[in-house]
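Heads up: the structure comes next, in structure tokens.
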Amino acid sequence: MFDFASALAGDDVDKMKEMQAAMEKGYKQATKTWGRELPSISKDTIDAANKLFDDYYNSKKTEVITE
């Protein structure tokens with residue numbers, strides 16, 4: 001999911017935030033449709049994607065500081 005978001009957003013942090021929000025929205029909609037918590041693989045996948053987003057944002061903070 002992160003790679004897809006990154007490909008669509010390029011290197012635009014604001015677009016990445018929009019992509020992450022859309023991913024979260026989709027996850028919540030899927031959970032609601034499912035009627036209960038999604039299988040653990042789904043939770044693990046979104047957690048891993050969110051970690052990649054966090055790493056991306058942190059790398060952008062570092063770039064700004066070192067420039």
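We label chains A, B, ... in the order they appear in the structure tokens, count residues from 1 in each chain, and number ligands from 1 in the order shown.
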
For region 2-6 of chain A, list every protein, DNA or RNA residue within 10 Å, evaluated using only C-alpha atoms, and leave out those in the same chain fewer than 5 positions away; present the list as number ranges by chain. A: 11-13, 15-20, 22-23, 46, 48-53, 56
